[in-house]
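The file data-v1.txt contains compact mmCIF, C-alpha atoms and all ligand atoms:
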# COMPACT_ATOMS: atom_id res chain seq x y z
CA MET A 107 -24.81 -1.76 39.48
CA ILE A 108 -28.40 -0.47 39.61
CA GLN A 109 -27.77 1.73 42.68
CA THR A 110 -24.91 3.56 40.98
CA MET A 111 -27.00 3.92 37.86
CA TYR A 112 -29.86 5.32 39.94
CA LYS A 113 -27.66 8.19 41.14
CA GLN A 114 -26.29 8.76 37.66
CA PHE A 115 -29.84 8.85 36.30
CA GLU A 116 -30.73 11.71 38.62
CA GLN A 117 -27.68 13.70 37.56
CA LEU A 118 -28.29 13.04 33.88
CA PHE A 119 -32.03 13.78 33.72
CA ASP A 120 -32.59 15.89 36.85
CA VAL A 121 -35.35 13.58 38.02
CA GLN A 122 -35.54 10.25 39.86
CA ALA A 123 -36.15 7.02 37.98
CA ASP A 124 -39.60 5.44 38.32
CA VAL A 125 -38.79 1.88 37.29
CA ALA A 126 -35.66 -0.33 37.06
CA ALA A 127 -35.31 -3.61 35.19
CA PHE A 128 -32.82 -6.27 34.09
CA ALA A 129 -32.80 -8.39 30.94
CA PRO A 130 -30.30 -11.27 30.60
CA GLY A 131 -28.24 -12.37 27.62
CA ARG A 132 -28.27 -16.00 26.49
CA ILE A 133 -26.28 -18.97 25.35
CA ASN A 134 -27.73 -21.68 23.16
CA LEU A 135 -26.75 -25.17 24.30
CA ILE A 136 -27.66 -26.72 20.94
CA GLY A 137 -30.17 -26.23 18.11
CA GLU A 138 -28.44 -23.62 15.97
CA HIS A 139 -30.08 -22.07 12.92
CA THR A 140 -33.12 -24.25 13.51
CA ASP A 141 -35.47 -21.58 14.88
CA TYR A 142 -36.44 -20.19 11.48
CA ASN A 143 -36.80 -23.75 10.15
CA GLY A 144 -39.56 -24.83 12.50
CA GLY A 145 -37.14 -26.86 14.63
CA TYR A 146 -36.11 -27.12 18.26
CA VAL A 147 -33.71 -24.83 20.15
CA PHE A 148 -32.25 -25.35 23.62
CA PRO A 149 -31.10 -21.99 25.03
CA ALA A 150 -30.51 -20.71 28.57
CA ALA A 151 -30.50 -17.12 29.88
CA ILE A 152 -27.25 -16.01 31.54
CA GLU A 153 -26.43 -13.71 34.42
CA LEU A 154 -24.70 -11.26 32.10
CA GLY A 155 -27.26 -8.82 30.80
CA THR A 156 -28.54 -5.26 30.51
CA TYR A 157 -29.74 -3.00 33.34
CA GLY A 158 -32.05 -0.07 32.76
CA LEU A 159 -33.94 2.75 34.45
CA VAL A 160 -36.80 4.87 33.16
CA SER A 161 -38.78 7.97 34.20
CA LYS A 162 -41.87 9.49 32.61
CA ARG A 163 -41.75 12.97 31.09
CA SER A 164 -44.54 15.48 30.66
CA ASP A 165 -43.71 16.21 26.99
CA ASP A 166 -43.44 13.71 24.12
CA ILE A 167 -39.64 13.50 23.97
CA VAL A 168 -37.67 10.26 24.39
CA GLN A 169 -34.12 10.55 25.71
CA LEU A 170 -31.81 7.53 25.73
CA TYR A 171 -28.34 7.15 27.19
CA SER A 172 -26.10 4.06 27.29
CA ASN A 173 -23.03 3.77 29.49
CA ASN A 174 -21.71 1.30 26.91
CA PHE A 175 -21.81 3.91 24.13
CA GLU A 176 -20.79 7.11 25.89
CA ASP A 177 -19.35 8.45 22.63
CA LYS A 178 -22.85 8.49 21.16
CA GLY A 179 -24.04 10.78 23.94
CA LEU A 180 -27.67 11.44 24.75
CA ILE A 181 -29.95 10.39 21.92
CA SER A 182 -33.27 12.27 21.65
CA PHE A 183 -36.31 12.07 19.42
CA SER A 184 -40.02 12.65 19.76
CA LEU A 185 -42.74 10.02 19.81
CA ASP A 186 -43.67 11.24 16.30
CA GLU A 187 -40.29 10.30 14.84
CA LEU A 188 -39.97 6.60 15.40
CA GLU A 189 -38.18 5.63 12.20
CA PHE A 190 -34.88 3.76 11.92
CA ASN A 191 -32.03 6.28 11.93
CA HIS A 192 -28.51 5.09 11.20
CA ALA A 193 -27.01 7.90 13.29
CA HIS A 194 -28.92 6.66 16.34
CA ASP A 195 -26.81 3.49 16.32
CA TRP A 196 -27.53 1.26 19.38
CA ALA A 197 -30.65 3.29 20.19
CA ASN A 198 -32.44 1.82 17.17
CA TYR A 199 -33.19 -1.32 19.21
CA PRO A 200 -35.11 0.51 21.94
CA LYS A 201 -36.58 2.80 19.30
CA GLY A 202 -38.01 -0.15 17.37
CA ILE A 203 -39.62 -1.44 20.57
CA ILE A 204 -41.06 2.00 21.31
CA LYS A 205 -42.47 2.21 17.77
CA TYR A 206 -44.32 -1.12 17.91
CA LEU A 207 -45.49 -0.64 21.49
CA LYS A 208 -46.87 2.76 20.58
CA GLU A 209 -48.73 1.23 17.62
CA LYS A 210 -50.29 -1.31 19.97
CA TYR A 211 -50.96 1.16 22.80
CA PRO A 212 -51.74 4.57 21.25
CA ASN A 213 -52.30 5.95 24.76
CA ILE A 214 -48.50 6.10 25.20
CA THR A 215 -48.34 9.86 24.67
CA ASN A 216 -45.81 10.86 27.31
CA GLY A 217 -42.13 10.70 26.50
CA PHE A 218 -39.57 9.22 28.90
CA ASN A 219 -35.89 9.09 29.85
CA ILE A 220 -33.96 5.81 29.78
CA LEU A 221 -30.47 4.98 31.04
CA VAL A 222 -28.99 1.55 30.22
CA GLU A 223 -25.80 -0.32 30.95
CA GLY A 224 -24.92 -3.86 29.99
CA ASN A 225 -22.18 -6.30 30.87
CA ILE A 226 -22.69 -8.58 27.87
CA PRO A 227 -19.65 -8.15 25.63
CA ASN A 228 -20.77 -6.51 22.36
CA GLY A 229 -20.90 -8.61 19.21
CA ALA A 230 -20.26 -11.77 21.24
CA SER A 231 -23.34 -13.65 19.98
CA LEU A 232 -24.77 -13.60 23.50
CA SER A 233 -27.79 -11.58 22.37
CA SER A 234 -27.03 -8.13 23.67
CA SER A 235 -29.53 -6.79 21.12
CA ALA A 236 -32.46 -8.97 22.21
CA SER A 237 -31.51 -8.15 25.79
CA ILE A 238 -31.91 -4.40 25.24
CA GLU A 239 -35.11 -4.95 23.28
CA LEU A 240 -36.79 -6.89 26.06
CA LEU A 241 -35.38 -4.56 28.70
CA THR A 242 -36.93 -1.54 26.96
CA GLY A 243 -40.23 -3.34 26.58
CA TRP A 244 -40.33 -4.31 30.24
CA LEU A 245 -39.43 -0.81 31.45
CA LEU A 246 -42.28 0.65 29.39
CA ARG A 247 -44.69 -2.10 30.38
CA GLN A 248 -44.15 -1.22 34.04
CA LEU A 249 -44.01 2.55 33.48
CA PHE A 250 -47.30 2.71 31.56
CA ASN A 251 -48.99 -0.28 33.25
CA LEU A 252 -49.44 -1.97 29.89
CA GLU A 253 -51.36 -5.22 29.68
CA LEU A 254 -48.59 -6.94 27.79
CA SER A 255 -47.78 -10.62 28.23
CA ARG A 256 -44.24 -11.97 28.05
CA LEU A 257 -45.08 -13.75 24.79
CA GLU A 258 -46.46 -10.56 23.22
CA LEU A 259 -43.28 -8.72 24.16
CA ILE A 260 -41.14 -11.55 22.78
CA LYS A 261 -42.95 -11.28 19.44
CA ILE A 262 -42.53 -7.51 19.38
CA GLY A 263 -38.79 -8.02 19.99
CA GLN A 264 -38.60 -10.35 17.01
CA GLN A 265 -40.59 -7.85 14.94
CA VAL A 266 -37.95 -5.20 15.76
CA GLU A 267 -35.19 -7.48 14.42
CA ASN A 268 -37.16 -8.52 11.33
CA GLU A 269 -38.89 -5.30 10.29
CA PHE A 270 -36.97 -2.48 11.97
CA MET A 271 -33.40 -3.80 11.80
CA GLY A 272 -33.86 -5.96 8.69
CA VAL A 273 -32.47 -9.19 10.18
CA ASN A 274 -34.72 -12.17 9.46
CA SER A 275 -33.93 -13.86 12.76
CA GLY A 276 -36.04 -16.48 14.50
CA ILE A 277 -37.65 -16.23 17.90
CA MET A 278 -35.05 -18.00 20.07
CA ASP A 279 -33.22 -15.03 21.58
CA GLN A 280 -36.27 -13.02 22.55
CA PHE A 281 -38.03 -16.14 23.80
CA ILE A 282 -35.33 -17.23 26.23
CA ILE A 283 -34.72 -13.66 27.43
CA GLY A 284 -38.44 -13.24 28.02
CA MET A 285 -39.17 -16.66 29.52
CA GLY A 286 -35.92 -17.82 31.13
CA LYS A 287 -35.88 -19.45 34.55
CA ALA A 288 -32.89 -19.54 36.94
CA GLU A 289 -30.79 -22.69 36.58
CA HIS A 290 -32.92 -23.98 33.69
CA ALA A 291 -32.61 -24.19 29.95
CA ILE A 292 -35.69 -24.10 27.71
CA MET A 293 -36.39 -26.78 25.13
CA LEU A 294 -38.51 -24.81 22.67
CA ASP A 295 -40.38 -26.13 19.65
CA THR A 296 -40.28 -23.10 17.37
CA ALA A 297 -43.06 -24.55 15.19
CA THR A 298 -45.64 -24.48 17.99
CA LEU A 299 -43.91 -22.38 20.70
CA ASN A 300 -44.53 -25.23 23.16
CA TYR A 301 -41.68 -25.48 25.60
CA ASP A 302 -40.24 -27.35 28.59
CA PHE A 303 -37.95 -26.11 31.34
CA VAL A 304 -35.01 -28.46 31.84
CA PRO A 305 -32.63 -28.13 34.83
CA ALA A 306 -29.30 -26.95 33.41
CA LYS A 307 -27.37 -29.22 35.75
CA PHE A 308 -24.38 -31.09 34.43
CA GLY A 309 -23.16 -32.92 37.53
CA ASP A 310 -19.42 -32.24 37.93
CA TYR A 311 -19.37 -30.40 34.62
CA VAL A 312 -19.96 -26.74 33.88
CA ILE A 313 -20.47 -24.64 30.78
CA SER A 314 -17.52 -22.45 29.91
CA ILE A 315 -18.18 -19.56 27.50
CA MET A 316 -15.21 -18.76 25.25
CA ASN A 317 -15.18 -15.48 23.33
CA THR A 318 -13.26 -15.18 20.03
CA ASN A 319 -12.98 -11.42 20.63
CA LYS A 320 -13.31 -11.10 16.86
CA ARG A 321 -15.22 -8.13 15.56
CA ARG A 322 -18.33 -9.22 13.74
CA ASN A 323 -18.52 -8.33 10.11
CA LEU A 324 -21.42 -8.66 7.65
CA THR A 325 -23.12 -11.10 10.02
CA GLU A 326 -26.58 -9.79 9.20
CA SER A 327 -26.31 -10.23 5.44
CA LYS A 328 -24.79 -13.72 5.76
CA TYR A 329 -27.51 -14.65 8.24
CA ASN A 330 -30.26 -13.55 5.84
CA GLU A 331 -28.49 -15.45 3.04
CA ARG A 332 -28.55 -18.71 5.06
CA ARG A 333 -32.22 -18.26 5.77
CA ALA A 334 -32.98 -17.69 2.08
CA GLU A 335 -30.98 -20.82 1.15
CA CYS A 336 -33.07 -22.89 3.59
CA GLU A 337 -36.27 -21.48 2.12
CA SER A 338 -35.14 -22.34 -1.35
CA ALA A 339 -34.32 -25.92 -0.28
CA LEU A 340 -37.74 -26.18 1.36
CA ALA A 341 -39.44 -25.01 -1.84
CA ALA A 342 -37.62 -27.74 -3.79
CA LEU A 343 -38.69 -30.43 -1.28
CA LYS A 344 -42.28 -29.23 -1.41
CA GLN A 345 -42.52 -30.38 -5.03
CA GLU A 346 -42.95 -33.90 -3.65
CA ILE A 347 -43.82 -33.65 0.01
CA ASN A 348 -46.36 -31.66 1.91
CA ILE A 349 -44.33 -29.86 4.61
CA GLU A 350 -44.33 -26.34 6.00
CA ALA A 351 -40.78 -26.34 7.42
CA LEU A 352 -37.54 -28.33 7.26
CA GLY A 353 -37.96 -29.15 10.95
CA GLU A 354 -40.79 -31.55 10.08
CA LEU A 355 -38.39 -33.99 8.42
CA SER A 356 -36.25 -36.66 10.03
CA THR A 357 -32.78 -37.27 8.60
CA ASP A 358 -34.04 -40.53 7.05
CA GLN A 359 -36.99 -38.82 5.37
CA PHE A 360 -34.64 -36.12 4.09
CA LYS A 361 -32.40 -38.73 2.46
CA VAL A 362 -35.35 -40.04 0.46
CA HIS A 363 -36.21 -36.61 -0.95
CA GLN A 364 -32.92 -34.71 -1.00
CA HIS A 365 -32.44 -35.40 -4.75
CA LEU A 366 -35.08 -32.70 -5.34
CA ILE A 367 -32.60 -30.04 -4.24
CA ASN A 368 -30.29 -29.62 -7.19
CA ASN A 369 -28.04 -27.02 -5.65
CA ASP A 370 -25.25 -28.44 -3.49
CA VAL A 371 -25.04 -25.43 -1.17
CA GLU A 372 -28.78 -25.48 -0.46
CA LEU A 373 -28.68 -29.22 0.07
CA ARG A 374 -25.99 -28.84 2.74
CA ARG A 375 -27.87 -26.00 4.44
CA ALA A 376 -31.03 -28.11 4.63
CA ARG A 377 -29.06 -31.12 5.86
CA HIS A 378 -27.67 -29.05 8.71
CA ALA A 379 -31.10 -27.74 9.71
CA ILE A 380 -32.55 -31.25 9.76
CA THR A 381 -29.68 -33.10 11.45
CA GLU A 382 -29.27 -30.29 13.98
CA ASN A 383 -32.93 -30.55 14.88
CA GLU A 384 -32.47 -34.28 15.55
CA ARG A 385 -29.34 -33.64 17.62
CA THR A 386 -31.27 -31.14 19.71
CA LYS A 387 -33.98 -33.68 20.50
CA GLU A 388 -31.31 -36.23 21.41
CA ALA A 389 -29.49 -33.69 23.58
CA PHE A 390 -32.71 -32.96 25.45
CA LYS A 391 -33.09 -36.69 26.22
CA ALA A 392 -29.43 -37.03 27.17
CA LEU A 393 -29.64 -34.14 29.62
CA GLU A 394 -32.82 -35.51 31.17
CA GLN A 395 -30.98 -38.79 31.74
CA SER A 396 -27.83 -37.02 33.00
CA ASP A 397 -25.93 -38.65 30.14
CA PHE A 398 -23.38 -35.87 29.83
CA ALA A 399 -21.00 -37.85 27.62
CA THR A 400 -23.68 -38.19 24.92
CA PHE A 401 -24.62 -34.55 25.38
CA GLY A 402 -20.97 -33.58 24.77
CA LYS A 403 -20.70 -35.70 21.61
CA LEU A 404 -23.80 -33.97 20.24
CA LEU A 405 -22.17 -30.59 20.87
CA ASN A 406 -19.16 -31.69 18.81
CA ALA A 407 -21.34 -33.00 16.00
CA SER A 408 -23.28 -29.75 16.00
CA HIS A 409 -20.10 -27.73 15.57
CA ALA A 410 -18.92 -29.95 12.71
CA SER A 411 -22.25 -29.53 10.91
CA LEU A 412 -22.20 -25.74 11.42
CA LYS A 413 -18.67 -25.72 10.03
CA ASN A 414 -19.03 -28.04 7.05
CA ASP A 415 -22.67 -27.87 6.01
CA TYR A 416 -23.84 -24.49 7.27
CA GLU A 417 -20.48 -22.68 6.95
CA VAL A 418 -21.04 -20.19 9.74
CA THR A 419 -18.01 -20.88 11.95
CA GLY A 420 -14.74 -19.45 10.59
CA LYS A 421 -11.18 -19.91 11.78
CA GLU A 422 -11.61 -18.25 15.18
CA LEU A 423 -14.65 -20.26 16.30
CA ASP A 424 -13.15 -23.48 14.87
CA THR A 425 -9.91 -22.92 16.77
CA LEU A 426 -11.78 -22.35 20.03
CA ALA A 427 -14.21 -25.26 19.70
CA GLU A 428 -11.87 -27.80 18.14
CA THR A 429 -9.05 -27.08 20.58
CA ALA A 430 -11.44 -27.30 23.51
CA GLN A 431 -12.75 -30.64 22.22
CA GLN A 432 -9.23 -32.10 22.63
CA VAL A 433 -8.69 -30.93 26.21
CA GLU A 434 -8.87 -33.63 28.85
CA GLY A 435 -11.97 -33.18 30.96
CA VAL A 436 -13.97 -31.57 28.13
CA LEU A 437 -16.98 -33.58 26.96
CA GLY A 438 -17.86 -31.36 24.03
CA ALA A 439 -17.66 -27.88 22.53
CA ARG A 440 -19.38 -25.86 19.83
CA MET A 441 -20.02 -22.33 18.63
CA THR A 442 -23.16 -20.70 20.03
CA GLY A 443 -25.50 -18.14 18.45
CA ALA A 444 -25.48 -16.95 14.85
CA GLY A 445 -21.78 -17.73 14.27
CA PHE A 446 -19.07 -16.07 12.12
CA ALA A 447 -17.60 -14.61 15.33
CA GLY A 448 -18.77 -14.32 18.90
CA CYS A 449 -18.62 -17.18 21.37
CA ALA A 450 -18.28 -20.92 21.68
CA ILE A 451 -19.25 -23.02 24.69
CA ALA A 452 -17.54 -26.06 26.21
CA LEU A 453 -18.88 -28.63 28.65
CA VAL A 454 -15.90 -29.02 30.97
CA HIS A 455 -15.23 -30.84 34.22
CA LYS A 456 -15.01 -28.31 37.04
CA ASP A 457 -11.45 -29.45 37.86
CA SER A 458 -10.32 -28.93 34.26
CA ILE A 459 -11.42 -25.32 33.77
CA LYS A 460 -7.91 -23.90 34.22
CA GLN A 461 -6.45 -26.44 31.84
CA LEU A 462 -9.09 -25.60 29.26
CA GLU A 463 -8.31 -21.90 29.51
CA THR A 464 -4.55 -22.44 29.33
CA GLU A 465 -4.59 -24.85 26.38
CA VAL A 466 -7.20 -22.97 24.37
CA SER A 467 -5.53 -19.58 25.00
CA LYS A 468 -2.15 -20.87 23.87
CA LYS A 469 -3.42 -22.44 20.66
CA TYR A 470 -5.68 -19.45 19.90
CA GLN A 471 -2.85 -16.98 20.43
CA ASP A 472 -0.60 -19.02 18.10
CA GLU A 473 -3.22 -19.40 15.38
CA ILE A 474 -5.13 -16.14 15.58
CA GLY A 475 -2.65 -13.72 17.12
CA TYR A 476 -4.59 -12.49 20.14
CA LEU A 477 -6.26 -14.00 23.20
CA PRO A 478 -9.81 -15.26 23.69
CA SER A 479 -11.80 -14.49 26.87
CA PHE A 480 -13.57 -16.96 29.15
CA TYR A 481 -16.69 -16.50 31.27
CA HIS A 482 -18.28 -18.72 33.88
CA VAL A 483 -21.70 -17.38 34.71
CA GLY A 484 -24.88 -18.76 36.22
CA ILE A 485 -28.15 -19.41 34.40
CA SER A 486 -30.51 -16.51 35.02
CA GLU A 487 -34.22 -15.89 34.96
CA GLY A 488 -35.80 -13.83 32.20
CA VAL A 489 -36.46 -10.08 32.03
CA LYS A 490 -37.67 -8.68 35.35
CA GLU A 491 -38.33 -5.50 37.27
CA LEU A 492 -35.75 -4.60 39.94
CA THR A 493 -36.48 -2.79 43.16
CA ILE A 494 -34.61 0.47 43.63
C1 LIG B 501 -29.29 -15.51 16.08
C2 LIG B 501 -30.78 -15.31 15.84
C3 LIG B 501 -31.58 -16.50 16.36
C4 LIG B 501 -31.02 -17.83 15.84
C5 LIG B 501 -29.50 -17.90 16.01
C6 LIG B 501 -28.91 -19.10 15.33
O1 LIG B 501 -29.01 -15.51 17.43
O2 LIG B 501 -31.22 -14.14 16.46
O3 LIG B 501 -32.93 -16.34 16.03
O4 LIG B 501 -31.39 -18.03 14.52
O5 LIG B 501 -28.87 -16.75 15.49
O6 LIG B 501 -29.38 -20.27 15.93

Can the structure in the file be given as structure tokens, please?
Amino acid sequence: MIQTMYKQFEQLFDVQADVAAFAPGRINLIGEHTDYNGGYVFPAAIELGTYGLVSKRSDDIVQLYSNNFEDKGLISFSLDELEFNHAHDWANYPKGIIKYLKEKYPNITNGFNILVEGNIPNGASLSSSASIELLTGWLLRQLFNLELSRLELIKIGQQVENEFMGVNSGIMDQFIIGMGKAEHAIMLDTATLNYDFVPAKFGDYVISIMNTNKRRNLTESKYNERRAECESALAALKQEINIEALGELSTDQFKVHQHLINNDVELRRARHAITENERTKEAFKALEQSDFATFGKLLNASHASLKNDYEVTGKELDTLAETAQQVEGVLGARMTGAGFAGCAIALVHKDSIKQLETEVSKKYQDEIGYLPSFYHVGISEGVKELTI
């Protein structure tokens, strides 16, 4: 892909690219909606991702082009105009990165040209946005020889989501895309940012990614609403106990204090955050012990909690996950990412992949009216420079 893009770059900008890079997308094995509650997450970077090329200019103009959004054409602005602009659509992600990098490194005075192309399906909850954020950051890091650590870039990516795009997301997506290691998942404690690499090996089982192919709608506002509900539940609990985040509580401790939350919706949101955090710790142990059956059961329990307590699944994701759970050879299935639409994952025996696809497609077509898609991809390393 990068070789073809290299030639296209030259035609588009009349100059050769100086640096090329790749940033992966991600799945989350388990630990959903825990990363803004001081809990654990267990994501892995995937081989689907975003490729990019950059060249330095002598003026202060930034030009951005995406092969995924050809209809938006070439998007241009100067380094003095780094504000969110609705008309700039996808380019707001790189623009946010440019803005915060420029604040940190005022010596970025030259503009640049960037060409990107991704093979992560859009709106599939596989983090195409964090992928383009980290890709942009890495291209500029290499282009301007910035002394920028992976963790600093990860935090800038999260800042773009929170402050530039207005989504109060946690750090999971940027962290795994920045830190990922081939064939490993990362068990990350979002309270401390301590983490462990865990081999993402499931014996005779593989992870199948199943896409609802549903267009996402109002995801950002519902996401922010969930986060606010958790904060409100936390404030209620703090009347009696001295905690900074829901992730500090065990399920048993929660039961003792849950009467303080007098709103049923907030109580269920908090219960999800706390039980999900426990499931994630159990899943980590199960995977370390190659106990795939237990791992699968935890995936199912996670989906049920996201459906009933957190209410972020919806008919499409439920149909995918719950149908997959019934297929012979499947140990477990759940939605992955923010929810509402996007993808689910299933832990399936390698000999049962076809059966999974056939049975899930049939049921999904009957219930929803169109087909889902399936992907089987390897676990990738994090953002990296490519040689051209
Ligand atoms: C999105 C956010 C993450 C995380 C997940 C849900 O992907 O960007 O920070 O909260 O949703 O687990």

At a cut-off of 6 Å and counting all atoms listed in the file, what residues surround ligand LIG 501 (chain B)? Please answer as number ranges by chain.
A: 138-141, 275-279, 443-444

Go through A:Leu118, A:Ile133, A:Ile220, A:Ala342 one by one, measure the shortest atom-to-atom distance of each to A:Ile167 using all atoms listed in the file, and give the residue with the smallest value.
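That would be A:Ile220, the residue with the smallest distance to A:Ile167.
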
Between A:Asn143, A:Ser234, A:Ser314, A:Gln117, which one has atoms that come closest to A:Glu335, using only C-alpha atoms?
A:Asn143

Which polymer residues, protein or nucleic acid, are no farther than 10 Å from (-12.7, -26.3, 19.8), counting all atoms listed in the file, as a ChimeraX atom specification?
/A:316,406,409,422-433,436,438-441,450-452,466,470

Give me, as a tab-separated table, the closest atom pair and its distance (Å, one decimal) for every residue of stretch 221-267 of chain A within a cut-off of 10 Å of stretch 124-128 of chain A, counting all atoms listed in the file, rows sorted by chain and rising number.
residue	atom	partner	partner_atom	distance
A:Leu221	CA	A:Ala126	CA	9.6
A:Val222	CA	A:Phe128	CA	9.5
A:Glu223	CA	A:Phe128	CA	9.7
A:Gly224	CA	A:Phe128	CA	9.2
A:Ser237	CA	A:Phe128	CA	8.6
A:Ile238	CA	A:Phe128	CA	9.1
A:Leu240	CA	A:Phe128	CA	9.0
A:Leu241	CA	A:Phe128	CA	6.2
A:Thr242	CA	A:Ala127	CA	8.6
A:Gly243	CA	A:Ala127	CA	9.9
A:Trp244	CA	A:Ala127	CA	7.1
A:Leu245	CA	A:Ala127	CA	6.2
A:Leu246	CA	A:Val125	CA	8.7
A:Arg247	CA	A:Val125	CA	9.9
A:Gln248	CA	A:Val125	CA	7.0
A:Leu249	CA	A:Val125	CA	6.5

Closest pair table for stretch 117-197 of chain A residues within 12 Å of stretch 488-493 of chain A, all atoms listed in the file, as a tab-separated table:
residue	atom	partner	partner_atom	distance
A:Ala123	CA	A:Thr493	CA	11.1
A:Asp124	CA	A:Thr493	CA	10.0
A:Val125	CA	A:Glu491	CA	7.4
A:Ala126	CA	A:Leu492	CA	5.2
A:Ala127	CA	A:Glu491	CA	4.1
A:Phe128	CA	A:Lys490	CA	5.6
A:Ala129	CA	A:Val489	CA	4.2
A:Pro130	CA	A:Gly488	CA	6.3
A:Gly131	CA	A:Gly488	CA	9.0
A:Arg132	CA	A:Gly488	CA	9.7
A:Pro149	CA	A:Gly488	CA	11.8
A:Ala150	CA	A:Gly488	CA	9.4
A:Ala151	CA	A:Gly488	CA	6.7
A:Ile152	CA	A:Gly488	CA	8.8
A:Glu153	CA	A:Gly488	CA	9.6
A:Leu154	CA	A:Gly488	CA	11.4
A:Gly155	CA	A:Val489	CA	9.4
A:Thr156	CA	A:Val489	CA	9.4
A:Tyr157	CA	A:Leu492	CA	9.1
A:Gly158	CA	A:Leu492	CA	9.3
A:Leu159	CA	A:Leu492	CA	9.4
A:Val160	CA	A:Glu491	CA	11.3

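Using only C-alpha atoms for every distance, the candidate list A:Gln345, A:His192, A:Glu394, A:Gly286 yields A:Glu394 as the residue closest to A:Lys307.
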
Quick one: distance from atom CA of A:Asp472 to atom CA of A:Gly448 in Å, one decimal?
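Value for the atom CA of A:Asp472-atom CA of A:Gly448 distance: 18.8 Å.
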
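Taking atom CA of A:Gln109 and atom CA of A:Pro200 as the two end points, the separation is 22.0 Å.
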